[in-house]
Structure formats: structure tokens, C-alpha cells
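Student: What follows is run.cif, mmCIF, C-alpha atoms; chains and numbers go by the auth columns.
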```
data_my_file
#
loop_
_atom_site.group_PDB
_atom_site.id
_atom_site.type_symbol
_atom_site.label_atom_id
_atom_site.label_comp_id
_atom_site.label_asym_id
_atom_site.label_seq_id
_atom_site.Cartn_x
_atom_site.Cartn_y
_atom_site.Cartn_z
_atom_site.B_iso_or_equiv
_atom_site.auth_seq_id
_atom_site.auth_asym_id
ATOM 1 C CA SER A 1 0.000 0.000 0.000 0.00 1 S
ATOM 2 C CA VAL A 2 3.050 2.270 -0.257 0.00 2 S
ATOM 3 C CA SER A 3 3.263 4.122 -3.553 0.00 3 S
ATOM 4 C CA ALA A 4 6.428 4.989 -5.431 0.00 4 S
ATOM 5 C CA PRO A 5 6.921 7.843 -4.793 0.00 5 S
ATOM 6 C CA HIS A 6 4.837 8.215 -1.644 0.00 6 S
ATOM 7 C CA LEU A 7 6.091 11.100 0.484 0.00 7 S
ATOM 8 C CA ALA A 8 8.854 13.665 0.775 0.00 8 S
ATOM 9 C CA VAL A 9 10.826 14.200 3.981 0.00 9 S
ATOM 10 C CA LYS A 10 12.887 17.211 5.053 0.00 10 S
ATOM 11 C CA ALA A 11 15.009 17.569 8.190 0.00 11 S
ATOM 12 C CA THR A 12 16.467 20.994 8.885 0.00 12 S
ATOM 13 C CA SER A 13 19.783 21.803 10.548 0.00 13 S
ATOM 14 C CA ASP A 14 17.926 23.474 13.423 0.00 14 S
ATOM 15 C CA GLY A 15 16.072 20.262 14.364 0.00 15 S
ATOM 16 C CA HIS A 16 12.747 20.492 12.525 0.00 16 S
ATOM 17 C CA PHE A 17 11.256 17.544 10.604 0.00 17 S
ATOM 18 C CA PHE A 18 8.679 17.874 7.827 0.00 18 S
ATOM 19 C CA VAL A 19 6.754 15.457 5.596 0.00 19 S
ATOM 20 C CA GLN A 20 4.543 15.921 2.571 0.00 20 S
ATOM 21 C CA ASP A 21 2.406 13.298 0.863 0.00 21 S
ATOM 22 C CA ILE A 22 3.160 13.339 -2.853 0.00 22 S
ATOM 23 C CA PHE A 23 0.094 11.891 -4.542 0.00 23 S
ATOM 24 C CA SER A 24 0.212 8.508 -2.806 0.00 24 S
ATOM 25 C CA GLU A 25 -2.593 6.038 -3.436 0.00 25 S
ATOM 26 C CA SER A 26 -3.162 5.012 0.206 0.00 26 S
ATOM 27 C CA GLY A 27 -2.289 8.250 1.994 0.00 27 S
ATOM 28 C CA THR A 28 -0.013 9.455 4.767 0.00 28 S
ATOM 29 C CA TYR A 29 -1.339 10.081 8.283 0.00 29 S
ATOM 30 C CA VAL A 30 -0.148 11.632 11.544 0.00 30 S
ATOM 31 C CA THR A 31 -1.239 10.951 15.114 0.00 31 S
ATOM 32 C CA ARG A 32 0.103 13.601 17.459 0.00 32 S
ATOM 33 C CA SER A 33 1.845 12.494 20.638 0.00 33 S
ATOM 34 C CA GLY A 34 -0.727 11.923 23.376 0.00 34 S
ATOM 35 C CA GLU A 35 -3.654 12.045 20.933 0.00 35 S
ATOM 36 C CA THR A 36 -5.773 9.251 19.451 0.00 36 S
ATOM 37 C CA ARG A 37 -7.165 10.991 16.357 0.00 37 S
ATOM 38 C CA GLU A 38 -5.276 10.315 13.152 0.00 38 S
ATOM 39 C CA GLU A 39 -5.083 13.156 10.607 0.00 39 S
ATOM 40 C CA SER A 40 -4.384 12.954 6.893 0.00 40 S
ATOM 41 C CA VAL A 41 -1.225 14.754 5.788 0.00 41 S
ATOM 42 C CA GLN A 42 -2.287 17.639 3.565 0.00 42 S
ATOM 43 C CA GLY A 43 0.502 19.879 2.322 0.00 43 S
ATOM 44 C CA VAL A 44 3.709 20.229 4.318 0.00 44 S
ATOM 45 C CA VAL A 45 3.305 19.044 7.928 0.00 45 S
ATOM 46 C CA GLU A 46 5.846 19.413 10.728 0.00 46 S
ATOM 47 C CA LEU A 47 6.316 16.337 12.896 0.00 47 S
ATOM 48 C CA PHE A 48 7.396 16.438 16.526 0.00 48 S
ATOM 49 C CA HIS A 49 9.094 14.004 18.888 0.00 49 S
ATOM 50 C CA GLY A 50 6.577 11.323 19.912 0.00 50 S
ATOM 51 C CA ASP A 51 4.216 11.738 16.939 0.00 51 S
ATOM 52 C CA TYR A 52 3.261 8.695 14.880 0.00 52 S
ATOM 53 C CA LEU A 53 3.487 8.635 11.087 0.00 53 S
ATOM 54 C CA ARG A 54 1.484 6.063 9.103 0.00 54 S
ATOM 55 C CA ILE A 55 2.453 5.447 5.493 0.00 55 S
ATOM 56 C CA GLY A 56 -0.119 3.558 3.452 0.00 56 S
ATOM 57 C CA LYS A 57 -2.340 1.048 5.210 0.00 57 S
ATOM 58 C CA LYS A 58 0.024 -0.630 7.683 0.00 58 S
ATOM 59 C CA ILE A 59 3.473 0.958 8.007 0.00 59 S
ATOM 60 C CA ARG A 60 3.627 3.048 11.184 0.00 60 S
ATOM 61 C CA TYR A 61 6.626 4.852 12.704 0.00 61 S
ATOM 62 C CA GLN A 62 7.018 6.751 15.931 0.00 62 S
ATOM 63 C CA ILE A 63 9.031 9.933 15.429 0.00 63 S
ATOM 64 C CA CYS A 64 12.096 10.143 17.646 0.00 64 S
ATOM 65 C CA LEU A 65 14.047 13.354 17.095 0.00 65 S
ATOM 66 C CA ILE A 66 17.601 13.321 18.417 0.00 66 S
ATOM 67 C CA ASP A 67 20.230 16.039 18.556 0.00 67 S
ATOM 68 C CA GLY A 68 22.880 15.185 15.982 0.00 68 S
ATOM 69 C CA ASN A 69 25.499 17.569 17.363 0.00 69 S
#
```
Any chance you could give the structure as C-alpha cells?

Tutor:
Amino acid sequence: SVSAPHLAVKATSDGHFFVQDIFSESGTYVTRSGETREESVQGVVELFHGDYLRIGKKIRYQICLIDGN
């Protein structure tokens, strides 16, 4: 259920992390840390430590942002 291409990812040097669905067939979804409601990714969306990202129907990642310095 993951399209090729499916989404774009950008990490900035100041510690921000962004995703954008790029015309996937099954969608990209975010559940904010501490929340239960899943939201469809529309446009560019910033993700935060502890959020969950679902790609397609079954692939789900928890976002863990670490300081690379």
C-alpha cells in the first residue's frame, strides 16, 4: 500500500522535521503524541518528537528526534 513515490521528507539543521504526501494512493497520516485521532497529511506538515506517522495502510513509525550535534 506504499506508492512509489509516496512522500517527501525534510530535516532541517535546526532540528525540525517535515513530511509531505506526494500523490500517494493510500495516503499518509499523523497521530500527534498523546492524541488518538489520526489526521491525513495535507501539504507540508511538521512532525514532533513522539508523533506517529502512518504510510499507506500498515506501516507506522514513531518519530524520535535526536540532537545530531

Student: I need the output of the PyMOL selection byres ((chain S and resi 17-27) around 10) for this file as a ChimeraX atom specification; which residues are they?

Tutor: /S:1-16,28-30,40-49,53-58,63,65

Student: Would you place a box with edges along x, y and z of the file around all atoms of stretch 18-30 of chain S listed there, add 4 Å to each of its six sides, and report the centre and edge lengths in Å to one decimal, as JSON?

Tutor:
```
{"center_x": 2.8, "center_y": 11.4, "center_z": 3.5, "size_x": 19.8, "size_y": 20.9, "size_z": 24.1}
```

Student: Run the PyMOL selection byres ((chain S and resi 31) around 6) on the file and write out the hits as a list in words.

Tutor: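 That selection, the PyMOL selection byres ((chain S and resi 31) around 6), comes back as Val30, Arg32, Glu38, Asp51 and Tyr52 of chain S.
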
Student: Residues of the last selection are to be written out with C-alpha atoms, as a PDB file, keeping the file's coordinate frame.

Tutor:
```pdb
ATOM      1  CA  VAL S  30      -0.148  11.632  11.544  1.00  0.00           C
ATOM      2  CA  ARG S  32       0.103  13.601  17.459  1.00  0.00           C
ATOM      3  CA  GLU S  38      -5.276  10.315  13.152  1.00  0.00           C
ATOM      4  CA  ASP S  51       4.216  11.738  16.939  1.00  0.00           C
ATOM      5  CA  TYR S  52       3.261   8.695  14.880  1.00  0.00           C
TER       6      TYR S  52
END
```
